[in-house]
Amino acid sequence: MSHFDIAITGAGAAGMMAAISAARTGASVCVIEKMPKPGRKIIISGKGRCNFTNLKQWNDFSAHIHPKAGFCKPAFYGFTPEDVISFFEENGMKTVTERGDRVFPASYKSTDVVDTLMKTAKREGAVIMTGSGVTGMTKDGENFRISLASGRTISAEKLLIATGGLSYPGTGSAGDGYVWARNFGHTISDCFPSLTALVPEGYKTAIRNTRGHIDRTAPLSELGRTLMGNRLKNISASLAVDGNTVEEEFGDIDFTDGGIEGPVGFRLSRRCVQAIAHGSKAVLTIDLKPAVREEELTDRIASLWDEISSDARSRGKSFRDKFRILLGKLMPYSLTAGFMHFHPEAGIHCLAGLLKNWKFRIAGYVGYERCVVTAGGVKTDEVCPKTMESRLVPGLYFAGEVLDVDCDTGGYNMQWAFCSGWLAGKSAAASLLG
Ligand SMILES: Cc1cc2nc3c(=O)[nH]c(=O)nc-3n(C[C@H](O)[C@H](O)[C@H](O)COP(=O)(O)OP(=O)(O)OC[C@H]3O[C@@H](n4cnc5c(N)ncnc54)[C@H](O)[C@@H]3O)c2cc1C
């Protein structure tokens, strides 16, 4: 049986960064990864470009953390977004900052992030074992015993669980960490998919809807095919749960093969999924013209209609054809068929109201198979925020998505994985010396 000072399960963003911060103190560290290669989720993040942090200061940054940002504050200040950027730059990866303070590798290749982490972890002396997952773990007196699928057993004085959540199980994150945490006496807050596509009623055919979960691969209906591919910029959207508006957002949404996504769709998805999973009714209302008051819009529509009606090219055209031309002046033409499907009775006089209140009843949501992050996880009240050590089992640490912390899109999730990993690794190493 091999013995290490610190064993880390999971070579994702959190586990790799923990290995680096622990190994650089001189501690013997091993990272156990079940997949053949580390960092599979980093590779697919940001559509392969990897938006690995966000340069916002804590006051703004913390508004993007759920459900309890306060828990993350010591980790954030211990390894800030600036520290994360310096870490990558000092280890040979150039970075670039884009709109919204989002930071990427200058190459826009997520593989550079993984390569830099791997190279640095190895240089600091961490042992990375891939291709054989952890199947069980117990605490035996002072030490932890960790069993691997290969039949090997490892013992370690400190143990860090950084196995991620449940999203994109093909990357290796299958929720194993929750099972071990529970065995050690920890509470797991209810998990649910977040940053995921919301599926409007009628968008998919032949759906199997299990408590709101509609598999990503469910085929699109004719309506879904009509809407798919449209991106709406600078719209505002509100979410109503059982008739009460609970959230309003401004920005862009995308209609995809999954449903409604894009920054605004994703931001609303957290509340929406929770509501649907609890049996509530959710309605998403889009205002296509948030900058214009309804009265002004009514006047504009009337003058556009006059123009179209008096145009010689309109002669002989049906009302429906002319109405579609009008719509094409008010929204992307590719969206007009979808809009008319939703509003078959729409006329000139009520159009302004409909443009400002396009309602989508939400039938369900895409699940862990394609959501960006898992909400819920190891309850943070049972973990010390200054060290990431379990309050229940001395020597046991947690970092990253396995904890009950999830963030919006924009580099926040990865920053959380990096800073909590850094703190957990550093604290575990420091407690060896103490
Ligand atoms: C499609 C997609 C795009 C994303 N884009 C971004 C983005 O651009 N910016 C951003 O900030 N965030 C993004 N995220 C979220 C972000 O990638 C994650 O929140 C973050 O990587 C989580 O890191 P982690 O180390 O906690 O977990 P993970 O990255 O999930 O790592 C956990 C590791 O543990 C391993 N493991 C699990 N069980 C075992 C076991 N039994 N034995 C051994 N190993 C095990 C897994 O194989 C995995 O490698 C994206 C997520 C997805 C799915």
# chains A, B, ... in the order shown; residues from 1 in each chain; ligands from 1
call {"tool": "residues_around", "arguments": {"residues": "Ala27 in chain A", "least_positions_apart": "4", "cutoff": "8 Å", "atoms": "only C-alpha atoms", "output": "JSON, numbers by chain"}}
result
{"A": [5, 6, 22, 23, 429]}
call {"tool": "residues_near_ligand", "arguments": {"ligand": "ligand 1", "cutoff": "7 Å", "atoms": "only C-alpha atoms and all ligand atoms", "output": "JSON, numbers by chain"}}
result
{"A": [9, 10, 11, 12, 13, 14, 15, 32, 33, 34, 35, 38, 39, 40, 41, 42, 44, 45, 46, 47, 50, 51, 52, 53, 132, 133, 134, 135, 162, 163, 164, 165, 167, 168, 171, 172, 173, 174, 175, 176, 177, 370, 371, 372, 373, 399, 400, 401, 402, 409, 410, 411, 412, 413, 414, 415, 417]}
call {"tool": "closest_residue", "arguments": {"among": "A:Ala312, A:Leu288, A:Ala218, A:Ala197", "to": "Ser269 in chain A", "atoms": "only C-alpha atoms"}}
result
A:Ala197
call {"tool": "residues_around", "arguments": {"residues": "range 291-307 of chain A", "least_positions_apart": "5", "cutoff": "12 Å", "atoms": "only C-alpha atoms", "output": "PyMOL selection string"}}
result
chain A and resi 234-236+250+312-314+319+322-330+347-357
call {"tool": "select_by_dssp", "arguments": {"residues": "range 257-296 of chain A", "states": "alpha helix (DSSP H)", "output": "ChimeraX atom specification"}}
result
/A:262-277,294-296
call {"tool": "write_last_selection", "arguments": {"atoms": "all heavy atoms", "output": "short mmCIF file (atom, residue, chain, number, x, y, z; two decimals), in the first residue's frame"}}
result
data_model
loop_
_atom_site.label_atom_id
_atom_site.label_comp_id
_atom_site.auth_asym_id
_atom_site.auth_seq_id
_atom_site.Cartn_x
_atom_site.Cartn_y
_atom_site.Cartn_z
N GLY A 262 -28.51 30.65 -23.94
CA GLY A 262 -27.87 31.96 -24.00
C GLY A 262 -27.75 32.53 -22.60
O GLY A 262 -28.32 31.96 -21.64
N PRO A 263 -27.02 33.64 -22.44
CA PRO A 263 -26.75 34.17 -21.09
C PRO A 263 -28.03 34.39 -20.26
O PRO A 263 -28.07 34.02 -19.09
CB PRO A 263 -26.05 35.50 -21.37
CG PRO A 263 -25.48 35.35 -22.74
CD PRO A 263 -26.36 34.40 -23.49
N VAL A 264 -29.07 34.97 -20.88
CA VAL A 264 -30.29 35.25 -20.10
C VAL A 264 -31.04 33.95 -19.77
O VAL A 264 -31.49 33.74 -18.64
CB VAL A 264 -31.20 36.24 -20.86
CG1 VAL A 264 -32.60 36.26 -20.30
CG2 VAL A 264 -30.59 37.63 -20.79
N GLY A 265 -31.14 33.06 -20.75
CA GLY A 265 -31.81 31.77 -20.50
C GLY A 265 -31.11 31.02 -19.38
O GLY A 265 -31.76 30.48 -18.47
N PHE A 266 -29.78 31.01 -19.43
CA PHE A 266 -29.02 30.30 -18.40
C PHE A 266 -29.23 30.92 -17.02
O PHE A 266 -29.42 30.23 -16.03
CB PHE A 266 -27.53 30.30 -18.75
CG PHE A 266 -27.12 29.19 -19.69
CD1 PHE A 266 -25.88 29.21 -20.30
CD2 PHE A 266 -27.96 28.11 -19.95
CE1 PHE A 266 -25.48 28.18 -21.16
CE2 PHE A 266 -27.58 27.09 -20.80
CZ PHE A 266 -26.33 27.13 -21.40
N ARG A 267 -29.18 32.28 -16.99
CA ARG A 267 -29.32 32.92 -15.67
C ARG A 267 -30.69 32.61 -15.06
O ARG A 267 -30.81 32.43 -13.86
CB ARG A 267 -29.12 34.43 -15.79
CG ARG A 267 -27.65 34.82 -15.93
CD ARG A 267 -27.40 36.24 -15.44
NE ARG A 267 -28.02 37.24 -16.28
CZ ARG A 267 -27.50 37.71 -17.41
NH1 ARG A 267 -26.33 37.25 -17.84
NH2 ARG A 267 -28.11 38.63 -18.12
N LEU A 268 -31.72 32.53 -15.91
CA LEU A 268 -33.06 32.25 -15.38
C LEU A 268 -33.24 30.77 -15.06
O LEU A 268 -34.16 30.40 -14.32
CB LEU A 268 -34.13 32.69 -16.38
CG LEU A 268 -34.24 34.19 -16.64
CD1 LEU A 268 -35.20 34.46 -17.79
CD2 LEU A 268 -34.73 34.92 -15.39
N SER A 269 -32.36 29.92 -15.60
CA SER A 269 -32.60 28.48 -15.50
C SER A 269 -32.53 27.98 -14.05
O SER A 269 -33.23 27.06 -13.68
CB SER A 269 -31.63 27.70 -16.38
OG SER A 269 -30.31 27.78 -15.90
N ARG A 270 -31.69 28.60 -13.23
CA ARG A 270 -31.54 28.09 -11.86
C ARG A 270 -32.88 28.10 -11.14
O ARG A 270 -33.34 27.09 -10.61
CB ARG A 270 -30.51 28.95 -11.10
CG ARG A 270 -30.06 28.30 -9.82
CD ARG A 270 -29.01 29.15 -9.11
NE ARG A 270 -28.35 28.35 -8.10
CZ ARG A 270 -28.86 28.07 -6.92
NH1 ARG A 270 -30.05 28.54 -6.59
NH2 ARG A 270 -28.20 27.31 -6.05
N ARG A 271 -33.52 29.29 -11.13
CA ARG A 271 -34.81 29.44 -10.45
C ARG A 271 -35.89 28.58 -11.13
O ARG A 271 -36.74 27.99 -10.49
CB ARG A 271 -35.27 30.89 -10.51
CG ARG A 271 -34.69 31.73 -9.39
CD ARG A 271 -35.84 32.06 -8.42
NE ARG A 271 -35.46 32.88 -7.28
CZ ARG A 271 -35.22 34.18 -7.34
NH1 ARG A 271 -35.21 34.80 -8.48
NH2 ARG A 271 -34.96 34.86 -6.26
N CYS A 272 -35.83 28.56 -12.48
CA CYS A 272 -36.87 27.89 -13.25
C CYS A 272 -36.84 26.37 -13.01
O CYS A 272 -37.88 25.75 -12.78
CB CYS A 272 -36.67 28.21 -14.73
SG CYS A 272 -38.05 27.72 -15.73
N VAL A 273 -35.64 25.80 -13.04
CA VAL A 273 -35.53 24.34 -12.83
C VAL A 273 -36.03 23.99 -11.43
O VAL A 273 -36.81 23.04 -11.25
CB VAL A 273 -34.06 23.88 -13.01
CG1 VAL A 273 -33.89 22.44 -12.56
CG2 VAL A 273 -33.63 24.05 -14.46
N GLN A 274 -35.59 24.76 -10.46
CA GLN A 274 -36.02 24.52 -9.07
C GLN A 274 -37.55 24.52 -8.97
O GLN A 274 -38.16 23.66 -8.34
CB GLN A 274 -35.48 25.63 -8.17
CG GLN A 274 -34.42 25.19 -7.22
CD GLN A 274 -33.95 26.38 -6.38
OE1 GLN A 274 -33.94 27.52 -6.82
NE2 GLN A 274 -33.56 26.09 -5.16
N ALA A 275 -38.15 25.53 -9.62
CA ALA A 275 -39.61 25.68 -9.55
C ALA A 275 -40.30 24.48 -10.19
O ALA A 275 -41.21 23.88 -9.60
CB ALA A 275 -40.04 26.97 -10.25
N ILE A 276 -39.86 24.12 -11.38
CA ILE A 276 -40.53 23.01 -12.10
C ILE A 276 -40.33 21.69 -11.35
O ILE A 276 -41.26 20.90 -11.22
CB ILE A 276 -39.99 22.92 -13.54
CG1 ILE A 276 -40.41 24.16 -14.32
CG2 ILE A 276 -40.51 21.68 -14.25
CD1 ILE A 276 -39.82 24.25 -15.71
N ALA A 277 -39.11 21.51 -10.84
CA ALA A 277 -38.85 20.26 -10.10
C ALA A 277 -39.74 20.14 -8.87
O ALA A 277 -40.02 19.04 -8.40
CB ALA A 277 -37.37 20.19 -9.72
N GLU A 294 -44.66 51.01 -24.63
CA GLU A 294 -45.67 50.38 -25.49
C GLU A 294 -46.37 51.40 -26.40
O GLU A 294 -46.63 51.13 -27.57
CB GLU A 294 -46.69 49.62 -24.62
CG GLU A 294 -47.55 48.69 -25.44
CD GLU A 294 -48.40 47.76 -24.58
OE1 GLU A 294 -47.92 47.32 -23.52
OE2 GLU A 294 -49.54 47.48 -24.99
N GLU A 295 -46.64 52.61 -25.85
CA GLU A 295 -47.35 53.63 -26.65
C GLU A 295 -46.50 54.05 -27.85
O GLU A 295 -47.00 54.17 -28.97
CB GLU A 295 -47.67 54.89 -25.81
CG GLU A 295 -48.53 54.65 -24.57
CD GLU A 295 -47.74 53.99 -23.45
OE1 GLU A 295 -46.63 54.45 -23.13
OE2 GLU A 295 -48.24 52.98 -22.90
N GLU A 296 -45.19 54.28 -27.58
CA GLU A 296 -44.28 54.67 -28.68
C GLU A 296 -44.23 53.57 -29.73
O GLU A 296 -44.24 53.84 -30.93
CB GLU A 296 -42.84 54.82 -28.16
CG GLU A 296 -42.52 56.07 -27.44
CD GLU A 296 -41.11 55.98 -26.86
OE1 GLU A 296 -40.16 55.75 -27.62
OE2 GLU A 296 -40.98 56.09 -25.63
#
call {"tool": "residues_around", "arguments": {"residues": "Pro81 in chain A", "least_positions_apart": "6", "cutoff": "9 Å", "atoms": "only C-alpha atoms", "output": "compact mmCIF listing (two decimals) with N, CA and C atoms, in the first residue's frame"}}
result
# COMPACT_ATOMS: atom_id res chain seq x y z
N THR A 53 -11.54 32.55 -15.67
CA THR A 53 -11.84 33.36 -14.49
C THR A 53 -12.56 34.64 -14.93
N ASN A 54 -12.89 35.47 -13.95
CA ASN A 54 -13.56 36.73 -14.23
C ASN A 54 -12.97 37.79 -13.30
N LEU A 55 -12.57 38.91 -13.88
CA LEU A 55 -11.80 39.91 -13.13
C LEU A 55 -12.63 40.84 -12.25
N LYS A 56 -13.90 40.54 -12.05
CA LYS A 56 -14.72 41.44 -11.21
C LYS A 56 -14.22 41.40 -9.76
N GLN A 57 -14.38 42.52 -9.10
CA GLN A 57 -14.05 42.59 -7.68
C GLN A 57 -15.14 41.88 -6.88
N GLN A 415 -13.28 29.96 -11.51
CA GLN A 415 -12.57 30.70 -10.45
C GLN A 415 -12.86 30.06 -9.09
N CYS A 419 -9.92 28.66 -6.75
CA CYS A 419 -9.58 29.27 -5.46
C CYS A 419 -9.91 28.34 -4.30
call {"tool": "select_by_dssp", "arguments": {"residues": "range 135-271 of chain A", "states": "strand (DSSP E)", "output": "PyMOL selection string"}}
result
chain A and resi 135-140+143-148+153-161+188-194+198-200+209-210+213-214+231-241+244-255+260-261
call {"tool": "atom_distance", "arguments": {"atom1": "CA of Leu195 in chain A", "atom2": "CA of Glu261 in chain A"}}
result
8.2 Å
call {"tool": "residues_around", "arguments": {"residues": "range 240-249 of chain A", "least_positions_apart": "3", "cutoff": "6 Å", "atoms": "only C-alpha atoms", "output": "MDAnalysis selection string"}}
result
chainID A and resid 236:237 280:283
call {"tool": "write_last_selection", "arguments": {"atoms": "N, CA and C atoms", "output": "PDB file, in the first residue's frame"}}
result
ATOM      1  N   SER A 236     -35.277  41.859 -22.812  1.00  0.00           N
ATOM      2  CA  SER A 236     -35.382  41.599 -21.379  1.00  0.00           C
ATOM      3  C   SER A 236     -36.346  40.427 -21.211  1.00  0.00           C
ATOM      4  N   ALA A 237     -36.105  39.670 -20.174  1.00  0.00           N
ATOM      5  CA  ALA A 237     -36.922  38.476 -19.952  1.00  0.00           C
ATOM      6  C   ALA A 237     -37.243  38.380 -18.474  1.00  0.00           C
ATOM      7  N   SER A 280     -44.109  23.474  -9.584  1.00  0.00           N
ATOM      8  CA  SER A 280     -44.718  24.787  -9.879  1.00  0.00           C
ATOM      9  C   SER A 280     -44.788  25.016 -11.383  1.00  0.00           C
ATOM     10  N   LYS A 281     -45.588  26.003 -11.767  1.00  0.00           N
ATOM     11  CA  LYS A 281     -45.719  26.369 -13.181  1.00  0.00           C
ATOM     12  C   LYS A 281     -44.788  27.556 -13.448  1.00  0.00           C
ATOM     13  N   ALA A 282     -44.024  27.449 -14.539  1.00  0.00           N
ATOM     14  CA  ALA A 282     -43.072  28.523 -14.859  1.00  0.00           C
ATOM     15  C   ALA A 282     -43.393  29.103 -16.231  1.00  0.00           C
ATOM     16  N   VAL A 283     -43.397  30.427 -16.306  1.00  0.00           N
ATOM     17  CA  VAL A 283     -43.637  31.118 -17.579  1.00  0.00           C
ATOM     18  C   VAL A 283     -42.526  32.144 -17.778  1.00  0.00           C
TER      19      VAL A 283
END
call {"tool": "closest_residue", "arguments": {"among": "A:Ile362, A:Cys30, A:Ile85, A:Leu335", "to": "Glu201 in chain A", "atoms": "only C-alpha atoms"}}
result
A:Ile362
